[in-house]
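J.: Here you go, this is model.pdb (PDB, C-alpha atoms and all ligand atoms).
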MODEL        1
ATOM      1  CA  MET A 762      32.222 -28.664 -21.010  1.00  0.00           C
ATOM      2  CA  ARG A 763      28.467 -28.797 -20.705  1.00  0.00           C
ATOM      3  CA  ARG A 764      28.699 -29.310 -16.968  1.00  0.00           C
ATOM      4  CA  ILE A 765      30.944 -26.277 -16.504  1.00  0.00           C
ATOM      5  CA  SER A 766      28.703 -23.972 -18.461  1.00  0.00           C
ATOM      6  CA  ARG A 767      25.833 -25.010 -16.228  1.00  0.00           C
ATOM      7  CA  LEU A 768      27.887 -24.256 -13.136  1.00  0.00           C
ATOM      8  CA  VAL A 769      28.837 -20.738 -14.152  1.00  0.00           C
ATOM      9  CA  PRO A 770      25.436 -19.110 -13.601  1.00  0.00           C
ATOM     10  CA  LEU A 771      25.099 -20.950 -10.296  1.00  0.00           C
ATOM     11  CA  LEU A 772      28.496 -19.662  -9.152  1.00  0.00           C
ATOM     12  CA  ALA A 773      27.545 -16.141 -10.117  1.00  0.00           C
ATOM     13  CA  VAL A 774      24.449 -16.371  -7.927  1.00  0.00           C
ATOM     14  CA  VAL A 775      26.436 -17.713  -4.973  1.00  0.00           C
ATOM     15  CA  LEU A 776      29.131 -15.052  -5.288  1.00  0.00           C
ATOM     16  CA  CYS A 777      26.663 -12.193  -5.613  1.00  0.00           C
ATOM     17  CA  ALA A 778      24.506 -13.224  -2.665  1.00  0.00           C
ATOM     18  CA  PRO A 779      26.630 -11.567   0.058  1.00  0.00           C
ATOM     19  CA  LEU A 780      26.673  -8.330  -1.949  1.00  0.00           C
ATOM     20  CA  ALA A 781      22.909  -8.350  -2.260  1.00  0.00           C
ATOM     21  CA  LEU A 782      22.576  -8.894   1.487  1.00  0.00           C
ATOM     22  CA  ALA A 783      24.863  -5.957   2.237  1.00  0.00           C
ATOM     23  CA  ASP A 784      22.554  -3.727   0.203  1.00  0.00           C
ATOM     24  CA  SER A 785      19.438  -4.723   2.126  1.00  0.00           C
ATOM     25  CA  PRO A 786      17.970  -1.995   4.273  1.00  0.00           C
ATOM     26  CA  MET A 787      18.149  -2.721   7.991  1.00  0.00           C
ATOM     27  CA  ALA A 788      14.812  -3.253   9.696  1.00  0.00           C
ATOM     28  CA  MET A 789      14.338  -4.227  13.337  1.00  0.00           C
ATOM     29  CA  LEU A 790      11.018  -2.800  14.395  1.00  0.00           C
ATOM     30  CA  THR A 791       8.843  -3.296  17.440  1.00  0.00           C
ATOM     31  CA  PRO A 792       5.242  -2.120  17.007  1.00  0.00           C
ATOM     32  CA  ALA A 793       6.144   1.135  18.792  1.00  0.00           C
ATOM     33  CA  ASP A 794       8.847   1.857  16.194  1.00  0.00           C
ATOM     34  CA  ILE A 795       6.422   1.762  13.281  1.00  0.00           C
ATOM     35  CA  LYS A 796       5.733   5.232  11.907  1.00  0.00           C
ATOM     36  CA  TRP A 797       2.258   5.584  10.462  1.00  0.00           C
ATOM     37  CA  GLY A 798       1.260   8.223   7.967  1.00  0.00           C
ATOM     38  CA  ASP A 799      -1.838   8.895   5.893  1.00  0.00           C
ATOM     39  CA  VAL A 800      -2.309   6.553   2.943  1.00  0.00           C
ATOM     40  CA  PRO A 801      -1.282   7.933  -0.463  1.00  0.00           C
ATOM     41  CA  ALA A 802      -3.994   9.814  -2.385  1.00  0.00           C
ATOM     42  CA  VAL A 803      -4.728   6.754  -4.560  1.00  0.00           C
ATOM     43  CA  PHE A 804      -6.399   5.098  -1.542  1.00  0.00           C
ATOM     44  CA  PRO A 805      -9.730   6.089  -0.013  1.00  0.00           C
ATOM     45  CA  LYS A 806      -9.234   8.494   2.886  1.00  0.00           C
ATOM     46  CA  GLY A 807      -9.122   7.336   6.500  1.00  0.00           C
ATOM     47  CA  ALA A 808      -6.479   4.608   6.524  1.00  0.00           C
ATOM     48  CA  LYS A 809      -2.867   4.797   7.684  1.00  0.00           C
ATOM     49  CA  MET A 810       0.193   3.286   6.063  1.00  0.00           C
ATOM     50  CA  ALA A 811       3.717   2.472   7.235  1.00  0.00           C
ATOM     51  CA  VAL A 812       6.640   1.335   5.089  1.00  0.00           C
ATOM     52  CA  LEU A 813       8.497  -1.414   6.962  1.00  0.00           C
ATOM     53  CA  TYR A 814      11.000  -2.463   4.346  1.00  0.00           C
ATOM     54  CA  GLY A 815      12.276  -1.276   0.996  1.00  0.00           C
ATOM     55  CA  ASP A 816      10.856   1.470  -1.182  1.00  0.00           C
ATOM     56  CA  PRO A 817       7.493   0.836  -2.883  1.00  0.00           C
ATOM     57  CA  ALA A 818       8.534   3.188  -5.697  1.00  0.00           C
ATOM     58  CA  LYS A 819      11.570   1.081  -6.695  1.00  0.00           C
ATOM     59  CA  PRO A 820      11.040  -1.270  -9.627  1.00  0.00           C
ATOM     60  CA  GLY A 821      12.082  -4.901  -9.250  1.00  0.00           C
ATOM     61  CA  GLU A 822      12.623  -4.812  -5.498  1.00  0.00           C
ATOM     62  CA  LEU A 823      10.723  -6.242  -2.567  1.00  0.00           C
ATOM     63  CA  PHE A 824       8.836  -3.814  -0.351  1.00  0.00           C
ATOM     64  CA  ILE A 825       6.740  -4.467   2.750  1.00  0.00           C
ATOM     65  CA  VAL A 826       4.111  -2.056   4.013  1.00  0.00           C
ATOM     66  CA  ARG A 827       1.327  -2.167   6.580  1.00  0.00           C
ATOM     67  CA  MET A 828      -2.063  -0.624   6.233  1.00  0.00           C
ATOM     68  CA  LYS A 829      -4.262   0.259   9.212  1.00  0.00           C
ATOM     69  CA  MET A 830      -7.933   0.568   8.336  1.00  0.00           C
ATOM     70  CA  PRO A 831     -10.895   1.737  10.393  1.00  0.00           C
ATOM     71  CA  ALA A 832     -14.052  -0.391  10.559  1.00  0.00           C
ATOM     72  CA  GLY A 833     -16.042  -0.028   7.356  1.00  0.00           C
ATOM     73  CA  TYR A 834     -13.059   0.961   5.204  1.00  0.00           C
ATOM     74  CA  LYS A 835     -13.470  -0.146   1.591  1.00  0.00           C
ATOM     75  CA  ILE A 836     -11.072  -0.390  -1.338  1.00  0.00           C
ATOM     76  CA  PRO A 837     -13.027  -0.618  -4.627  1.00  0.00           C
ATOM     77  CA  ALA A 838     -12.102  -3.179  -7.299  1.00  0.00           C
ATOM     78  CA  HIS A 839      -8.564  -2.683  -8.594  1.00  0.00           C
ATOM     79  CA  TRP A 840      -5.448  -4.480  -9.788  1.00  0.00           C
ATOM     80  CA  HIS A 841      -1.674  -4.251  -9.334  1.00  0.00           C
ATOM     81  CA  PRO A 842       1.185  -4.929 -11.779  1.00  0.00           C
ATOM     82  CA  THR A 843       2.759  -7.510  -9.420  1.00  0.00           C
ATOM     83  CA  ASP A 844       1.439 -10.137  -6.982  1.00  0.00           C
ATOM     84  CA  GLU A 845       0.112  -8.601  -3.780  1.00  0.00           C
ATOM     85  CA  ASN A 846       0.910 -10.811  -0.775  1.00  0.00           C
ATOM     86  CA  ILE A 847      -1.365 -10.018   2.142  1.00  0.00           C
ATOM     87  CA  THR A 848      -0.972 -11.079   5.768  1.00  0.00           C
ATOM     88  CA  VAL A 849      -3.667 -10.059   8.230  1.00  0.00           C
ATOM     89  CA  ILE A 850      -2.001  -8.818  11.414  1.00  0.00           C
ATOM     90  CA  SER A 851      -5.096  -7.837  13.405  1.00  0.00           C
ATOM     91  CA  GLY A 852      -8.847  -7.500  12.973  1.00  0.00           C
ATOM     92  CA  THR A 853     -10.679  -9.075  10.066  1.00  0.00           C
ATOM     93  CA  PHE A 854     -10.090  -8.198   6.444  1.00  0.00           C
ATOM     94  CA  ASN A 855     -12.547  -9.182   3.730  1.00  0.00           C
ATOM     95  CA  LEU A 856     -11.115  -9.805   0.312  1.00  0.00           C
ATOM     96  CA  GLY A 857     -12.904 -10.666  -2.895  1.00  0.00           C
ATOM     97  CA  MET A 858     -11.915 -11.313  -6.496  1.00  0.00           C
ATOM     98  CA  GLY A 859     -13.909  -9.584  -9.199  1.00  0.00           C
ATOM     99  CA  ASP A 860     -14.637  -6.384 -11.072  1.00  0.00           C
ATOM    100  CA  LYS A 861     -16.956  -4.796  -8.524  1.00  0.00           C
ATOM    101  CA  LEU A 862     -16.877  -4.367  -4.759  1.00  0.00           C
ATOM    102  CA  ASP A 863     -19.408  -6.813  -3.366  1.00  0.00           C
ATOM    103  CA  VAL A 864     -19.279  -7.734   0.321  1.00  0.00           C
ATOM    104  CA  ALA A 865     -21.382 -10.840  -0.367  1.00  0.00           C
ATOM    105  CA  LYS A 866     -18.700 -12.093  -2.753  1.00  0.00           C
ATOM    106  CA  SER A 867     -15.855 -11.507  -0.321  1.00  0.00           C
ATOM    107  CA  LYS A 868     -14.250 -13.898   2.127  1.00  0.00           C
ATOM    108  CA  ALA A 869     -13.389 -12.939   5.710  1.00  0.00           C
ATOM    109  CA  PHE A 870      -9.728 -13.303   6.648  1.00  0.00           C
ATOM    110  CA  PRO A 871      -9.140 -13.114  10.414  1.00  0.00           C
ATOM    111  CA  ALA A 872      -5.791 -12.176  11.999  1.00  0.00           C
ATOM    112  CA  GLY A 873      -3.120 -14.673  10.995  1.00  0.00           C
ATOM    113  CA  SER A 874      -4.537 -15.187   7.504  1.00  0.00           C
ATOM    114  CA  PHE A 875      -2.526 -14.985   4.298  1.00  0.00           C
ATOM    115  CA  ALA A 876      -3.781 -14.339   0.774  1.00  0.00           C
ATOM    116  CA  VAL A 877      -2.326 -13.468  -2.619  1.00  0.00           C
ATOM    117  CA  ALA A 878      -4.006 -11.181  -5.118  1.00  0.00           C
ATOM    118  CA  PRO A 879      -2.193 -12.269  -8.293  1.00  0.00           C
ATOM    119  CA  ALA A 880      -0.746  -9.643 -10.623  1.00  0.00           C
ATOM    120  CA  LYS A 881      -3.368  -7.967 -12.829  1.00  0.00           C
ATOM    121  CA  MET A 882      -6.269  -9.818 -11.183  1.00  0.00           C
ATOM    122  CA  ASN A 883      -9.177  -7.580 -10.177  1.00  0.00           C
ATOM    123  CA  HIS A 884      -9.918  -7.639  -6.460  1.00  0.00           C
ATOM    124  CA  PHE A 885     -11.513  -5.539  -3.724  1.00  0.00           C
ATOM    125  CA  ALA A 886     -11.362  -5.297   0.044  1.00  0.00           C
ATOM    126  CA  ILE A 887     -13.461  -4.339   3.036  1.00  0.00           C
ATOM    127  CA  ALA A 888     -12.382  -3.995   6.662  1.00  0.00           C
ATOM    128  CA  LYS A 889     -15.600  -5.057   8.400  1.00  0.00           C
ATOM    129  CA  GLN A 890     -13.876  -4.304  11.678  1.00  0.00           C
ATOM    130  CA  ALA A 891     -10.701  -2.236  12.213  1.00  0.00           C
ATOM    131  CA  ALA A 892      -7.817  -4.172  10.677  1.00  0.00           C
ATOM    132  CA  ILE A 893      -4.100  -4.038  10.078  1.00  0.00           C
ATOM    133  CA  VAL A 894      -2.744  -5.893   7.063  1.00  0.00           C
ATOM    134  CA  GLU A 895       0.793  -6.317   5.857  1.00  0.00           C
ATOM    135  CA  VAL A 896       1.409  -6.220   2.122  1.00  0.00           C
ATOM    136  CA  SER A 897       4.592  -7.435   0.512  1.00  0.00           C
ATOM    137  CA  ALA A 898       5.200  -7.190  -3.204  1.00  0.00           C
ATOM    138  CA  ILE A 899       7.785  -6.461  -5.829  1.00  0.00           C
ATOM    139  CA  GLY A 900       7.794  -2.773  -6.737  1.00  0.00           C
ATOM    140  CA  PRO A 901       6.925  -0.457  -8.167  1.00  0.00           C
ATOM    141  CA  PHE A 902       3.689  -0.212  -6.235  1.00  0.00           C
ATOM    142  CA  ALA A 903       0.757   0.819  -8.424  1.00  0.00           C
ATOM    143  CA  ILE A 904      -2.992   0.518  -8.092  1.00  0.00           C
ATOM    144  CA  THR A 905      -5.382   0.776 -11.022  1.00  0.00           C
ATOM    145  CA  TYR A 906      -9.096   0.955 -10.267  1.00  0.00           C
ATOM    146  CA  VAL A 907     -11.375  -1.061 -12.538  1.00  0.00           C
ATOM    147  CA  ASN A 908     -13.716   1.934 -12.577  1.00  0.00           C
ATOM    148  CA  PRO A 909     -11.535   5.058 -12.949  1.00  0.00           C
ATOM    149  CA  ALA A 910     -14.169   7.046 -11.030  1.00  0.00           C
ATOM    150  CA  ASP A 911     -13.214   5.038  -7.908  1.00  0.00           C
ATOM    151  CA  ASP A 912      -9.705   6.543  -7.901  1.00  0.00           C
ATOM    152  CA  PRO A 913      -9.732   9.012  -4.977  1.00  0.00           C
ATOM    153  CA  SER A 914      -6.635  10.794  -6.321  1.00  0.00           C
ATOM    154  CA  LYS A 915      -8.726  11.872  -9.310  1.00  0.00           C
ATOM    155  CA  SER A 916     -11.729  13.128  -7.378  1.00  0.00           C
ATOM    156  CA  ALA A 917     -12.052  16.719  -6.206  1.00  0.00           C
ATOM    157  CA  SER A 918     -13.487  15.778  -2.826  1.00  0.00           C
ATOM    158  CA  ARG A 919     -10.134  14.751  -1.423  1.00  0.00           C
TER     159      ARG A 919
HETATM  160 CU    CU B1001      -4.971  -4.769  -3.942  1.00  0.00          CU
ENDMDL
END
Since I need it in another form, could you write the structure as structure tokens?
Ligand SMILES: [Cu+2]
T.:
Amino acid sequence: MRRISRLVPLLAVVLCAPLALADSPMAMLTPADIKWGDVPAVFPKGAKMAVLYGDPAKPGELFIVRMKMPAGYKIPAHWHPTDENITVISGTFNLGMGDKLDVAKSKAFPAGSFAVAPAKMNHFAIAKQAAIVEVSAIGPFAITYVNPADDPSKSASR
């Protein structure tokens, strides 16, 4: 009996897998297919963003976005509710853990690098040279700045 009850959840997973796959959004993109738009107001101005997969607004689901940043672009210290998985596609992206943006405390990640900013851990970023990074995470996407004054969506200058 014990063995059967252990098998039931496993079976449920196996049976549901094809259904889950059928629900996945189709994505077959060459770089030319990627549609860039301005980053949402919660990010400092000047960068572009493209959603490659999923919907960052949906809770509990994987989404994948890319962010294209000009040289000198900075994202002040912030945190996210879920792990942020970062792959550097081109350029060099500096990432640091901590409560305050500090280039000296950041590490340079050249193209091909991968890093995780764990859920709720304060971190910051600087694109020392123009960079494209891919971010994958479980939604919903949210960014909370350590210093609320750093939130561009709350400043009048935008
Ligand atoms: Cu982040």
J.: Select, counting only C-alpha atoms, all protein, DNA and RNA residues no farther than 12 Å from (-4.0, -9.7, -11.4) in file coordinates, and express the selection as a PyMOL selection string.
T.: chain A and resi 838-846+858-860+877-885+903-907
J.: Using the chain letters and numbers from this file, what does the PyMOL selection byres (((chain A and resi 852) around 10) and not hetatm) select? Give the answer as a PyMOL selection string.
T.: chain A and resi 829-832+849-851+853-854+870-873+888-894
J.: Take the PyMOL selection byres (((chain A and resi 795-801) around 10) and not hetatm), run it mentally on this structure, and tell me the resulting residues as an NGL selection string.
T.: :A and (789-794 or 802-813 or 827-830 or 913-914)
J.: Could you work out how far atom CU of ligand CU 1001 (chain B) lies from atom CA of Asp863 of chain A, giving the answer in Å with one decimal?
T.: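 These two atoms are separated by 14.6 Å.
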J.: With distances taken over only C-alpha atoms and all ligand atoms, which residue among A:Ala910, A:Ala788, A:Val826, A:Ala886 lies nearest ligand CU 1001 (chain B)?
T.: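 Under the stated criterion, the closest residue is A:Ala886.
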J.: How many Å lie between atom CA of Pro901 of chain A and atom CA of Val864 of chain A, rounded to one decimal?
T.: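 Atom CA of Val864 of chain A lies at a distance of 28.5 Å from atom CA of Pro901 of chain A.
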J.: Using all atoms listed in the file, which of the listed residues (A:Ala876, A:Ala869, A:Ile825, A:Leu856) sits closest to Glu895 of chain A?
T.: A:Ile825
J.: Find the residue from A:Asp911, A:Phe902, A:Lys866, A:Phe875 that sits nearest to Pro820 of chain A; use all atoms listed in the file when measuring.
T.: A:Phe902
J.: Measure the distance from atom CA of Lys861 of chain A to atom CA of Ile847 of chain A in Å and round it to one decimal.
T.: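 For atom CA of Lys861 of chain A relative to atom CA of Ile847 of chain A, the distance reads 19.6 Å.
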J.: Using only C-alpha atoms and all ligand atoms, which residue out of A:Val896, A:Asn908, A:Ser867, A:Phe824 lies closest to ligand CU 1001 (chain B)?
T.: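 Selected residue with least distance to ligand CU 1001 (chain B): A:Val896.
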J.: Any idea what's packed within 9 Å of Glu822 of chain A, counting only C-alpha atoms, ignoring anything in its chain fewer than 6 positions away? Could you give it as a PyMOL selection string?
T.: chain A and resi 815-816+898-901
J.: Would you export the selected residues with C-alpha atoms as a PDB file, in the coordinates of the input, please?
T.:
ATOM      1  CA  GLY A 815      12.276  -1.276   0.996  1.00  0.00           C
ATOM      2  CA  ASP A 816      10.856   1.470  -1.182  1.00  0.00           C
ATOM      3  CA  ALA A 898       5.200  -7.190  -3.204  1.00  0.00           C
ATOM      4  CA  ILE A 899       7.785  -6.461  -5.829  1.00  0.00           C
ATOM      5  CA  GLY A 900       7.794  -2.773  -6.737  1.00  0.00           C
ATOM      6  CA  PRO A 901       6.925  -0.457  -8.167  1.00  0.00           C
TER       7      PRO A 901
END
J.: Give the answer as one residue: which of A:Met787, A:Lys915, A:Gly857, A:Lys868 has the shortest atom-to-atom distance to ligand CU 1001 (chain B), using all atoms listed in the file?
T.: A:Gly857
J.: Which one is closest to ligand CU 1001 (chain B): A:Ile887, A:Ala865, A:Ala818, A:Ile836? Count only C-alpha atoms and all ligand atoms.
T.: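 Closest candidate: A:Ile836.
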